[in-house]
>>> print(open('upload-v4.cif').read())   # mmCIF, C-alpha atoms
data_structure
#
loop_
_atom_site.label_atom_id
_atom_site.label_comp_id
_atom_site.auth_asym_id
_atom_site.auth_seq_id
_atom_site.Cartn_x
_atom_site.Cartn_y
_atom_site.Cartn_z
CA MET A 1 0.00 0.00 0.00
CA ASP A 2 1.40 3.36 -0.87
CA ARG A 3 3.20 5.44 1.72
CA LEU A 4 0.83 8.38 1.71
CA THR A 5 -2.15 6.21 2.54
CA GLN A 6 -0.15 4.45 5.23
CA LEU A 7 0.74 7.79 6.77
CA GLN A 8 -2.82 9.00 6.70
CA ASP A 9 -3.99 5.78 8.32
CA ALA A 10 -1.31 6.09 10.98
CA ILE A 11 -2.41 9.62 11.84
CA ASP A 12 -6.01 8.47 12.11
CA LYS A 13 -4.95 5.57 14.30
CA MET A 14 -3.15 7.99 16.59
CA ALA A 15 -6.27 10.09 17.00
CA LEU A 16 -8.24 6.94 17.68
CA LEU A 17 -5.75 5.91 20.37
CA PHE A 18 -6.15 9.31 22.05
CA VAL A 19 -9.88 8.96 22.16
CA SER A 20 -10.03 5.33 23.16
CA SER A 21 -7.49 5.68 25.95
CA LEU A 22 -9.37 8.54 27.58
CA ASP A 23 -12.60 6.67 27.09
CA HIS A 24 -11.27 3.47 28.62
CA LEU A 25 -9.87 5.21 31.67
CA THR A 26 -12.97 7.22 32.42
CA LYS A 27 -15.30 4.27 31.94
CA ASN A 28 -13.40 1.83 34.10
CA ALA A 29 -12.09 4.09 36.88
CA PRO A 30 -13.20 3.04 40.35
CA LEU A 31 -15.43 5.27 42.45
CA VAL A 32 -13.77 7.88 44.65
CA PRO A 33 -15.42 9.41 47.72
CA LEU A 34 -16.41 13.06 47.33
CA HIS A 35 -16.03 13.75 51.03
CA PRO A 36 -13.87 11.88 53.49
CA ASN A 37 -16.89 11.29 55.70
CA VAL A 38 -18.95 9.64 52.94
CA PRO A 39 -17.28 6.34 52.04
CA VAL A 40 -17.76 4.46 48.80
CA VAL A 41 -20.43 1.79 49.11
CA SER A 42 -20.98 0.23 45.70
CA THR A 43 -18.27 -2.18 44.66
CA ASP A 44 -19.27 -3.37 41.21
CA HIS A 45 -18.40 -0.16 39.38
CA GLY A 46 -15.22 0.07 37.46
CA MET A 47 -12.08 -1.96 38.08
CA PRO A 48 -9.69 -2.23 41.00
CA HIS A 49 -7.12 0.47 41.31
CA ASP A 50 -4.02 -1.45 40.25
CA GLN A 51 -5.75 -2.78 37.16
CA VAL A 52 -6.51 0.77 36.18
CA GLN A 53 -2.86 1.65 36.70
CA ASN A 54 -1.81 -1.22 34.47
CA SER A 55 -4.14 -0.28 31.69
CA ALA A 56 -3.01 3.31 31.95
CA GLN A 57 0.56 2.15 31.48
CA GLU A 58 -0.40 0.02 28.48
CA LEU A 59 -2.30 2.83 26.85
CA ALA A 60 0.56 5.25 27.33
CA LEU A 61 2.88 2.67 25.80
CA ASP A 62 0.57 2.25 22.80
CA ILE A 63 0.41 5.97 22.20
CA SER A 64 4.15 6.43 22.32
CA ARG A 65 4.65 3.41 20.05
CA GLN A 66 2.25 4.86 17.52
CA ALA A 67 4.08 8.18 17.68
CA LYS A 68 7.35 6.40 16.90
CA GLU A 69 5.73 4.61 13.96
CA LEU A 70 4.47 7.91 12.66
CA GLU A 71 7.96 9.35 12.82
CA ALA A 72 9.40 6.40 10.95
CA LEU A 73 6.74 6.70 8.24
CA ILE A 74 7.34 10.43 7.93
CA ASP A 75 11.03 9.76 7.43
CA ASN A 76 10.22 7.45 4.55
CA LEU A 77 8.26 10.07 2.69
CA PRO A 78 9.56 10.68 -0.82
CA GLY A 79 10.26 14.31 -1.57
CA ILE A 80 8.63 16.21 -4.38
CA SER A 81 11.43 16.18 -6.91
CA GLN A 82 9.76 17.58 -10.01
CA THR A 83 7.60 20.62 -10.42
CA PRO A 84 4.15 20.05 -11.89
CA GLU A 85 5.17 21.74 -15.14
CA ALA A 86 8.11 19.38 -15.63
CA GLN A 87 5.85 16.43 -14.92
CA ILE A 88 3.26 17.57 -17.42
CA HIS A 89 5.98 18.08 -20.00
CA ASP A 90 7.20 14.51 -19.42
CA LEU A 91 3.67 13.21 -19.75
CA GLU A 92 3.14 14.95 -23.07
CA ASN A 93 6.41 13.53 -24.33
CA LEU A 94 5.40 10.05 -23.28
CA ALA A 95 2.01 10.40 -24.91
CA GLN A 96 3.66 11.27 -28.19
CA GLN A 97 6.03 8.31 -27.96
CA ASN A 98 3.12 6.03 -27.16
CA ALA A 99 1.24 7.17 -30.25
CA ASP A 100 4.28 6.50 -32.44
CA ALA A 101 4.82 3.07 -30.94
CA THR A 102 1.18 2.24 -31.59
CA VAL A 103 1.53 3.13 -35.25
CA GLU A 104 4.58 0.90 -35.61
CA TYR A 105 2.87 -1.91 -33.80
CA GLU A 106 -0.13 -1.79 -36.09
CA LEU A 107 2.18 -1.84 -39.10
CA ALA A 108 3.90 -4.96 -37.81
CA VAL A 109 0.53 -6.61 -37.20
CA LYS A 110 -0.53 -5.87 -40.76
CA GLU A 111 2.68 -7.38 -42.16
CA ALA A 112 2.24 -10.45 -40.02
CA LYS A 113 -1.33 -10.92 -41.18
CA GLU A 114 -0.34 -10.77 -44.83
CA LEU A 115 2.46 -13.23 -44.28
CA LEU A 116 0.07 -15.51 -42.46
CA GLN A 117 -2.28 -15.48 -45.42
CA ASP A 118 0.49 -16.41 -47.80
CA VAL A 119 1.77 -19.17 -45.61
CA THR A 120 -1.66 -20.73 -45.15
CA TYR A 121 -2.14 -20.64 -48.88
CA ALA A 122 1.19 -22.35 -49.39
CA LEU A 123 0.36 -24.97 -46.80
CA ARG A 124 -2.94 -25.65 -48.43
CA ARG A 125 -1.30 -26.14 -51.82
CA ILE A 126 1.23 -28.52 -50.31
CA ALA A 127 -1.50 -30.47 -48.54
CA GLU A 128 -3.59 -30.71 -51.71
CA ASP A 129 -0.67 -31.93 -53.74
CA GLN A 130 0.30 -34.39 -51.07
CA SER A 131 -3.19 -35.82 -51.04
CA ILE A 132 -3.10 -36.02 -54.82
CA ARG A 133 0.21 -37.85 -54.68
CA SER A 134 -0.83 -40.32 -52.01
CA MET B 135 -50.09 20.43 -19.80
CA GLU B 136 -47.15 21.62 -17.79
CA ASP B 137 -47.78 20.52 -14.28
CA PRO B 138 -44.56 20.32 -12.28
CA ASN B 139 -46.36 18.66 -9.40
CA ALA B 140 -47.58 15.68 -11.36
CA GLN B 141 -48.67 12.77 -9.23
CA GLN B 142 -45.98 10.17 -8.77
CA GLN B 143 -47.56 7.90 -6.26
CA GLY B 144 -46.82 4.26 -6.75
CA ALA B 145 -44.52 4.73 -9.76
CA ALA B 146 -41.44 2.55 -9.75
CA PHE B 147 -39.20 5.26 -11.18
CA PRO B 148 -39.42 9.04 -10.83
CA ALA B 149 -41.08 10.75 -13.78
CA PRO B 150 -38.89 12.60 -16.29
CA PRO B 151 -38.70 16.38 -15.78
CA TYR B 152 -41.90 17.99 -17.00
CA TYR B 153 -40.29 19.96 -19.78
CA PHE B 154 -39.91 16.95 -22.02
CA GLN B 155 -43.37 17.87 -23.22
CA ARG B 156 -42.02 21.04 -24.76
CA TYR B 157 -40.08 19.18 -27.43
CA THR B 158 -42.81 18.93 -30.05
CA GLN B 159 -42.12 19.08 -33.78
CA PRO B 160 -43.71 22.53 -34.24
CA ASN B 161 -41.73 23.88 -31.30
CA LEU B 162 -38.50 22.51 -32.66
CA ALA B 163 -39.23 24.04 -36.05
CA LEU B 164 -39.85 27.36 -34.32
CA LEU B 165 -36.50 27.02 -32.59
CA GLU B 166 -34.68 26.45 -35.85
CA LYS B 167 -36.36 29.43 -37.45
CA THR B 168 -35.58 31.66 -34.50
CA LYS B 169 -31.94 30.65 -34.52
CA SER B 170 -31.50 31.36 -38.20
CA ASP B 171 -33.55 34.55 -38.41
CA PRO B 172 -34.14 36.20 -35.06
CA THR B 173 -35.82 39.38 -36.29
CA ASN B 174 -38.68 37.90 -38.30
CA PRO B 175 -41.97 39.54 -37.15
CA ASP B 176 -44.05 36.46 -38.04
CA LEU B 177 -42.20 34.51 -35.46
CA THR B 178 -42.83 36.82 -32.52
CA THR B 179 -46.55 36.10 -32.46
CA ALA B 180 -45.90 32.38 -32.46
CA LEU B 181 -43.16 32.76 -29.85
CA ASP B 182 -45.39 34.75 -27.52
CA ALA B 183 -47.89 31.94 -27.60
CA LEU B 184 -45.41 29.58 -25.99
CA PRO B 185 -45.36 29.56 -22.19
CA PHE B 186 -41.57 29.41 -22.16
CA PRO B 187 -38.68 31.12 -24.04
CA VAL B 188 -37.99 29.10 -27.14
CA LEU B 189 -34.24 29.20 -26.61
CA ALA B 190 -34.78 27.11 -23.51
CA LEU B 191 -35.13 24.15 -25.87
CA GLU B 192 -31.41 24.30 -26.53
CA PRO B 193 -29.29 22.12 -24.23
CA PRO B 194 -27.77 24.14 -21.38
CA PRO B 195 -24.06 24.97 -21.74
CA PRO B 196 -21.64 22.96 -19.59
CA ILE B 197 -20.73 24.48 -16.24
CA LYS B 198 -17.27 25.97 -16.26
CA ARG B 199 -16.79 27.46 -12.82
CA GLY B 200 -17.99 27.13 -9.29
CA ILE B 201 -19.87 24.18 -7.89
CA CYS B 202 -22.17 21.65 -9.45
CA TRP B 203 -24.50 19.33 -7.56
CA MET B 204 -24.36 15.62 -8.21
CA PHE B 205 -26.18 12.92 -6.22
CA GLY B 206 -26.98 15.43 -3.55
CA ARG B 207 -23.40 16.55 -2.91
CA PRO B 208 -21.62 19.64 -4.16
CA TRP B 209 -18.61 19.03 -6.37
CA PRO B 210 -16.21 21.80 -7.42
CA VAL B 211 -15.98 22.11 -11.18
CA GLN B 212 -12.25 22.72 -11.00
CA ASP B 213 -11.07 20.01 -8.63
CA THR B 214 -8.42 21.72 -6.54
CA LEU B 215 -7.48 21.26 -2.92
CA ALA B 216 -8.82 24.16 -0.84
CA THR B 217 -6.12 25.83 1.22
CA LEU B 218 -6.40 25.67 4.96
CA SER B 219 -7.33 29.32 5.37
CA GLU B 220 -10.17 28.76 2.89
CA GLN B 221 -11.45 25.99 5.07
CA GLY B 222 -11.27 28.26 8.08
CA ILE B 223 -8.51 26.38 9.87
CA GLU B 224 -5.41 28.09 11.20
CA GLN B 225 -2.30 27.06 9.31
CA LEU B 226 0.37 26.03 11.81
CA TYR B 227 3.24 25.49 9.41
CA PRO B 228 4.87 28.33 7.43
CA LYS B 229 3.61 29.24 3.97
CA GLY B 230 5.52 28.71 0.75
CA ASP B 231 8.17 26.04 0.29
CA ILE B 232 8.71 24.01 3.41
CA ASP B 233 10.56 20.91 4.40
CA ARG B 234 7.60 18.60 4.76
CA VAL B 235 9.37 15.94 6.73
CA LYS B 236 10.49 18.39 9.41
CA GLU B 237 7.11 20.10 9.64
CA LEU B 238 5.29 16.80 9.91
CA LYS B 239 7.59 15.67 12.70
CA LYS B 240 7.05 18.92 14.56
CA LEU B 241 3.32 18.50 14.22
CA ASN B 242 3.58 14.93 15.44
CA HIS B 243 5.36 16.01 18.59
CA SER B 244 2.92 18.86 19.19
CA ALA B 245 0.05 16.40 18.95
CA ILE B 246 1.49 14.27 21.73
CA PHE B 247 2.23 17.23 23.97
CA ASN B 248 -1.23 18.61 23.46
CA PHE B 249 -2.68 15.26 24.39
CA LEU B 250 -0.64 15.36 27.58
CA ASP B 251 -2.01 18.81 28.25
CA LEU B 252 -5.51 17.53 27.66
CA VAL B 253 -5.11 14.77 30.19
CA HIS B 254 -3.73 17.28 32.65
CA VAL B 255 -6.65 19.64 32.11
CA LEU B 256 -9.09 16.79 32.56
CA SER B 257 -7.57 15.85 35.86
CA THR B 258 -7.41 19.40 37.26
CA SER B 259 -10.35 21.36 35.82
CA PRO B 260 -12.36 19.10 33.52
CA GLY B 261 -14.68 21.84 32.29
CA GLU B 262 -11.96 23.49 30.22
CA PHE B 263 -11.21 20.57 27.95
CA ALA B 264 -12.71 22.21 24.85
CA THR B 265 -9.74 24.44 23.97
CA LYS B 266 -7.23 21.60 24.16
CA VAL B 267 -9.44 19.34 22.08
CA ASP B 268 -9.68 22.08 19.51
CA HIS B 269 -5.90 22.45 19.45
CA ILE B 270 -5.45 18.75 18.82
CA ARG B 271 -8.05 18.91 16.07
CA VAL B 272 -6.23 21.77 14.31
CA ILE B 273 -2.94 19.91 14.52
CA PHE B 274 -4.37 16.79 12.93
CA ILE B 275 -6.07 18.76 10.20
CA ASN B 276 -2.76 20.45 9.40
CA MET B 277 -1.00 17.12 9.18
CA HIS B 278 -3.59 15.74 6.79
CA HIS B 279 -3.44 18.85 4.70
CA ILE B 280 0.30 18.55 4.20
CA LEU B 281 -0.25 14.98 3.02
CA ASN B 282 -3.08 15.97 0.72
CA GLU B 283 -0.75 18.34 -1.06
CA TYR B 284 1.32 15.33 -2.08
CA ARG B 285 -1.54 13.64 -3.85
CA PRO B 286 -1.59 15.45 -7.24
CA HIS B 287 2.13 14.88 -7.59
CA GLN B 288 1.66 11.22 -6.81
CA ALA B 289 -1.12 10.93 -9.37
CA ARG B 290 1.05 12.37 -12.11
CA GLU B 291 3.94 10.09 -11.19
CA THR B 292 1.67 7.05 -11.33
CA LEU B 293 0.43 8.13 -14.74
CA ARG B 294 3.98 8.51 -15.97
CA LEU B 295 4.93 5.04 -14.76
CA MET B 296 1.88 3.48 -16.38
CA MET B 297 2.60 5.16 -19.69
CA ASN B 298 6.19 3.95 -19.57
CA ASP B 299 4.91 0.43 -18.98
CA GLN B 300 2.55 0.61 -21.93
CA LEU B 301 5.26 1.94 -24.17
CA ASP B 302 7.63 -0.89 -23.22
CA ARG B 303 5.00 -3.50 -23.75
CA LYS B 304 4.10 -2.20 -27.19
CA ARG B 305 7.70 -2.05 -28.28
CA LYS B 306 8.33 -5.60 -27.08
CA GLU B 307 5.28 -6.92 -28.90
CA THR B 308 6.32 -5.17 -32.11
CA ALA B 309 9.81 -6.66 -31.88
CA ALA B 310 8.44 -10.16 -31.21
CA LEU B 311 6.09 -9.89 -34.17
CA ARG B 312 8.87 -8.75 -36.49
CA LYS B 313 11.12 -11.56 -35.34
CA THR B 314 8.45 -14.18 -35.93
CA CYS B 315 7.78 -12.81 -39.40
CA ALA B 316 11.47 -12.93 -40.21
CA ASP B 317 11.69 -16.53 -39.00
CA LEU B 318 8.72 -17.52 -41.09
CA ARG B 319 10.18 -15.91 -44.18
CA LYS B 320 13.44 -17.73 -43.60
CA GLN B 321 11.53 -21.01 -43.31
CA LEU B 322 9.71 -20.33 -46.54
CA ALA B 323 12.94 -19.46 -48.28
CA GLY B 324 14.53 -22.63 -46.91
CA LEU B 325 11.62 -24.70 -48.12
CA ARG B 326 11.79 -23.08 -51.51
CA ALA B 327 15.52 -23.79 -51.80
CA LEU B 328 14.93 -27.36 -50.68
CA GLU B 329 12.31 -28.00 -53.30
CA GLN B 330 14.21 -26.23 -56.06
CA ASP B 331 16.69 -29.09 -55.96
CA ARG B 332 13.91 -31.61 -56.22
CA LEU B 333 12.27 -29.59 -58.98
CA VAL B 334 15.03 -30.58 -61.39
CA VAL B 335 14.78 -34.34 -60.74
CA PRO B 336 11.20 -35.44 -61.45
CA ALA B 337 10.99 -33.38 -64.63
CA GLY B 338 9.51 -36.28 -66.64
CA ALA B 339 6.39 -36.58 -64.54
CA THR B 340 2.76 -36.98 -65.57
CA ALA B 341 0.92 -34.67 -67.93
CA SER B 342 -1.18 -33.12 -65.18
CA GLU B 343 1.98 -32.10 -63.41
CA ASN B 344 3.28 -30.53 -66.58
CA ASN B 345 0.07 -28.60 -66.97
CA GLN B 346 0.33 -27.31 -63.49
CA ASP B 347 3.97 -26.41 -64.07
CA VAL B 348 2.93 -24.44 -67.12
CA ASP B 349 0.34 -22.63 -65.06
CA MET B 350 2.89 -21.77 -62.47
CA ALA B 351 5.66 -20.75 -64.87
CA PRO B 352 4.16 -17.46 -66.10
CA ALA B 353 3.48 -16.53 -62.51
CA THR B 354 7.00 -17.06 -61.19
CA PRO B 355 8.71 -14.14 -62.96
CA GLU B 356 6.55 -11.78 -60.87
CA ALA B 357 8.61 -9.36 -58.89
CA ALA B 358 6.32 -9.21 -55.89
CA SER B 359 7.84 -11.37 -53.17
CA THR B 360 4.68 -12.64 -51.54
CA SER B 361 2.93 -14.08 -54.58
CA ALA B 362 6.27 -15.40 -55.83
CA THR B 363 6.85 -17.33 -52.64
CA VAL B 364 3.32 -18.67 -52.79
CA THR B 365 3.53 -19.84 -56.36
CA GLU B 366 6.95 -21.31 -55.81
CA ALA B 367 5.59 -23.22 -52.91
CA GLY B 368 2.84 -24.36 -55.23
CA GLU B 369 5.49 -25.44 -57.69
CA ASN B 370 7.26 -27.30 -54.98
CA GLY B 371 4.01 -29.06 -54.23
CA THR B 372 3.35 -30.08 -57.83
CA ALA B 373 6.94 -31.09 -58.48
CA ILE B 374 6.84 -33.71 -55.78
CA GLY B 375 7.55 -37.16 -57.13
CA GLY B 376 6.27 -40.33 -55.60
CA SER B 377 9.23 -40.52 -53.21
CA THR B 378 8.17 -40.88 -49.60
CA SER B 379 11.22 -39.04 -48.29
CA VAL B 380 10.10 -35.90 -50.06
CA THR B 381 6.58 -36.13 -48.67
CA LYS B 382 8.02 -36.66 -45.22
CA LYS B 383 10.23 -33.58 -45.54
CA ASN B 384 7.21 -31.65 -46.72
CA ALA B 385 5.19 -32.80 -43.74
CA GLU B 386 7.95 -31.57 -41.45
CA ALA B 387 8.03 -28.23 -43.22
CA MET B 388 4.28 -28.03 -42.94
CA SER B 389 4.29 -28.62 -39.21
CA ARG B 390 7.04 -26.04 -38.67
CA MET B 391 5.17 -23.46 -40.67
CA MET B 392 1.94 -24.18 -38.83
CA GLN B 393 3.71 -23.59 -35.54
CA LEU B 394 4.95 -20.25 -36.78
CA CYS B 395 1.44 -19.41 -37.95
CA ASP B 396 0.14 -20.09 -34.48
CA THR B 397 2.64 -17.71 -32.93
CA ILE B 398 1.57 -14.99 -35.34
CA GLU B 399 -2.06 -15.54 -34.46
#
>>> encode(input="upload-v4.cif", output="structure tokens")
Amino acid sequence: MDRLTQLQDAIDKMALLFVSSLDHLTKNAPLVPLHPNVPVVSTDHGMPHDQVQNSAQELALDISRQAKELEALIDNLPGISQTPEAQIHDLENLAQQNADATVEYELAVKEAKELLQDVTYALRRIAEDQSIRS
Amino acid sequence: MEDPNAQQQGAAFPAPPYYFQRYTQPNLALLEKTKSDPTNPDLTTALDALPFPVLALEPPPPIKRGICWMFGRPWPVQDTLATLSEQGIEQLYPKGDIDRVKELKKLNHSAIFNFLDLVHVLSTSPGEFATKVDHIRVIFINMHHILNEYRPHQARETLRLMMNDQLDRKRKETAALRKTCADLRKQLAGLRALEQDRLVVPAGATASENNQDVDMAPATPEAASTSATVTEAGENGTAIGGSTSVTKKNAEAMSRMMQLCDTIE
């Protein structure tokens, strides 16, 4: 797949990682008491504290890994070596060459067809005479 | 007659636009007359009777600028990439010629730092997240815009490569064809030379052979190569004696020539 598309996909993946990491943490965080006198009662919300820490670590790792990948992809970007005018000039040149090559090709095809006709005629004569002989 | 709100309940396909009814033979004749002679007073009375301007029967000219609507979406007539300021987004990298690799890397780093800021804001004063989110959005849009500017260049390069490919393929095919033709001609010439030797030997053959030889003889002095080769091959055929070795050689020659014919086809 071409490098530009890969880069664009990598950028989108990065944004997705941002969103999903925040989402994950806020959804699964355990409850915290608002006031020291009012303890937390419900226990089936969210995940235990150390699990949240672990996932936070993993997510941070993922984000930094994606950033590194992005950098590597950016380094592999080809530069723009030709101006658009030079490119268009090349394309016109190529179009002209293509037209010429087509003309030559059609000429060769015509020659080959004529030769084919002659050869089949010759073969037919030979076959006829052979059948006459035998 | 011209009811734009015609009933379309239950129809499988939408009705054609109502102005198809305007294209009657008399109306078209009026159009032709108006185009050729616009100041004729006889026409004006007829033209006033029509509920629409007669020049509306002409097809509309193609759209050259701006936006056209297709399948419910607007498409620009000239397909260019809108600059960031046109889209209303702040451009974070400098204008003009830039080193894209460096700018993209800078943007990459800024994205990460802004995300860090966002997390910080969320943990301290969550209500103020909107500005940071907006910053991150602008950074990403800038990154994508830099990449989009590559695309036309890439398209032209791809076109160039494809045309090169086509050119190479055509040239190769032409060369292969010419080579096969040359081979075939050599075979024919070889066959002719082979049978010329045999032509001398069975000279005292049957009368039918002689007749055929006579038929062939006036044809051979022809200068044209193709018919000459054909008739000589014919001669070779008629000059064959009863010898089995000659027929065998001929069969070989036949099979070789048929193979070459196949490659041509």
>>> atom_distance(input="upload-v4.cif", atom1="atom CA of B:Glu166", atom2="atom CA of B:Ala149")
27.8 Å
>>> closest_residue(input="upload-v4.cif", among="B:Leu301, B:Ala310, B:Leu325, B:Ala145", to="chain A", atoms="all atoms listed in the file")
B:Leu301
>>> closest_residue(input="upload-v4.cif", among="B:Asp176, B:Glu192, B:Asp213, B:Asp268", to="B:Asn161", atoms="all atoms listed in the file")
B:Glu192
>>> resolve_selection(input="upload-v4.cif", expression="the PyMOL selection byres ((chain A and resi 101-116) around 8)", output="PyMOL selection string")
(chain A and resi 97-100+117-120) or (chain B and resi 301+304-305+307-308+311-312+315+360+395+398)
>>> closest_residue(input="upload-v4.cif", among="B:Lys229, B:Lys240, B:Arg294, B:Lys313", to="chain A", atoms="only C-alpha atoms")
B:Arg294
>>> closest_residue(input="upload-v4.cif", among="A:Ile126, A:Leu61, A:Ala86, A:Leu16", to="chain B", atoms="only C-alpha atoms")
A:Ile126
>>> resolve_selection(input="upload-v4.cif", expression="the PyMOL selection byres ((chain B and resi 187) around 12)", output="list in words")
Arg156, Asn161, Leu164, Leu165, Thr168, Thr178, Ala180, Leu181, Asp182, Ala183, Leu184, Pro185, Phe186, Val188, Leu189, Ala190, Leu191 and Glu192 of chain B
>>> residues_around(input="upload-v4.cif", residues="B:Asn282", least_positions_apart="2", cutoff="12 Å", atoms="only C-alpha atoms", output="PDB file with C-alpha atoms, in the frame of the given file")
ATOM      1  CA  LEU A   4       0.830   8.380   1.710  1.00  0.00           C
ATOM      2  CA  THR A   5      -2.150   6.210   2.540  1.00  0.00           C
ATOM      3  CA  LEU A   7       0.740   7.790   6.770  1.00  0.00           C
ATOM      4  CA  GLN A   8      -2.820   9.000   6.700  1.00  0.00           C
TER       5      GLN A   8
ATOM      6  CA  THR B 214      -8.420  21.720  -6.540  1.00  0.00           C
ATOM      7  CA  LEU B 215      -7.480  21.260  -2.920  1.00  0.00           C
ATOM      8  CA  ALA B 216      -8.820  24.160  -0.840  1.00  0.00           C
ATOM      9  CA  THR B 217      -6.120  25.830   1.220  1.00  0.00           C
ATOM     10  CA  LEU B 218      -6.400  25.670   4.960  1.00  0.00           C
ATOM     11  CA  ARG B 234       7.600  18.600   4.760  1.00  0.00           C
ATOM     12  CA  ILE B 275      -6.070  18.760  10.200  1.00  0.00           C
ATOM     13  CA  ASN B 276      -2.760  20.450   9.400  1.00  0.00           C
ATOM     14  CA  MET B 277      -1.000  17.120   9.180  1.00  0.00           C
ATOM     15  CA  HIS B 278      -3.590  15.740   6.790  1.00  0.00           C
ATOM     16  CA  HIS B 279      -3.440  18.850   4.700  1.00  0.00           C
ATOM     17  CA  ILE B 280       0.300  18.550   4.200  1.00  0.00           C
ATOM     18  CA  TYR B 284       1.320  15.330  -2.080  1.00  0.00           C
ATOM     19  CA  ARG B 285      -1.540  13.640  -3.850  1.00  0.00           C
ATOM     20  CA  PRO B 286      -1.590  15.450  -7.240  1.00  0.00           C
ATOM     21  CA  HIS B 287       2.130  14.880  -7.590  1.00  0.00           C
ATOM     22  CA  GLN B 288       1.660  11.220  -6.810  1.00  0.00           C
ATOM     23  CA  ALA B 289      -1.120  10.930  -9.370  1.00  0.00           C
TER      24      ALA B 289
END
>>> axis_aligned_box(input="upload-v4.cif", around="stretch 77-87 of chain A", padding_each_side="5 Å", output="lines of an AutoDock Vina configuration file")
center_x = 7.8
center_y = 15.9
center_z = -6.5
size_x = 17.3
size_y = 21.7
size_z = 28.3
>>> closest_residue(input="upload-v4.cif", among="A:Ser55, A:His24, A:Val38, A:Ile11", to="chain B", atoms="only C-alpha atoms")
A:Ile11
>>> residues_around(input="upload-v4.cif", residues="B:Glu237", least_positions_apart="5", cutoff="12 Å", atoms="all atoms listed in the file", output="PDB file with C-alpha atoms, in the coordinates of the input")
ATOM      1  CA  GLU A  71       7.960   9.350  12.820  1.00  0.00           C
ATOM      2  CA  ILE A  74       7.340  10.430   7.930  1.00  0.00           C
ATOM      3  CA  ASP A  75      11.030   9.760   7.430  1.00  0.00           C
TER       4      ASP A  75
ATOM      5  CA  GLN B 225      -2.300  27.060   9.310  1.00  0.00           C
ATOM      6  CA  LEU B 226       0.370  26.030  11.810  1.00  0.00           C
ATOM      7  CA  TYR B 227       3.240  25.490   9.410  1.00  0.00           C
ATOM      8  CA  PRO B 228       4.870  28.330   7.430  1.00  0.00           C
ATOM      9  CA  LYS B 229       3.610  29.240   3.970  1.00  0.00           C
ATOM     10  CA  ASP B 231       8.170  26.040   0.290  1.00  0.00           C
ATOM     11  CA  ILE B 232       8.710  24.010   3.410  1.00  0.00           C
ATOM     12  CA  ASN B 242       3.580  14.930  15.440  1.00  0.00           C
ATOM     13  CA  HIS B 243       5.360  16.010  18.590  1.00  0.00           C
ATOM     14  CA  SER B 244       2.920  18.860  19.190  1.00  0.00           C
ATOM     15  CA  ILE B 273      -2.940  19.910  14.520  1.00  0.00           C
ATOM     16  CA  ASN B 276      -2.760  20.450   9.400  1.00  0.00           C
ATOM     17  CA  MET B 277      -1.000  17.120   9.180  1.00  0.00           C
ATOM     18  CA  HIS B 278      -3.590  15.740   6.790  1.00  0.00           C
ATOM     19  CA  HIS B 279      -3.440  18.850   4.700  1.00  0.00           C
ATOM     20  CA  ILE B 280       0.300  18.550   4.200  1.00  0.00           C
ATOM     21  CA  LEU B 281      -0.250  14.980   3.020  1.00  0.00           C
TER      22      LEU B 281
END
>>> atom_distance(input="upload-v4.cif", atom1="atom CA of B:Ala245", atom2="atom CA of B:Val267")
10.4 Å
>>> atom_distance(input="upload-v4.cif", atom1="atom CA of B:Gly230", atom2="atom CA of B:Glu291")
22.2 Å
>>> residues_around(input="upload-v4.cif", residues="B:Val253", least_positions_apart="4", cutoff="12 Å", atoms="all atoms listed in the file", output="MDAnalysis selection string")
(chainID A and resid 18:19 21:23 25:26 56 60) or (chainID B and resid 246:249 257:260 262:264 266:267)
>>> residues_around(input="upload-v4.cif", residues="B:Pro210", least_positions_apart="3", cutoff="7 Å", atoms="only C-alpha atoms", output="list of chain:residue names")
B:Gly200, B:Ile201, B:Cys202, B:Asp213
>>> closest_residue(input="upload-v4.cif", among="B:Ala146, B:Val235, B:Val272, B:Leu295", to="chain A", atoms="only C-alpha atoms")
B:Val235
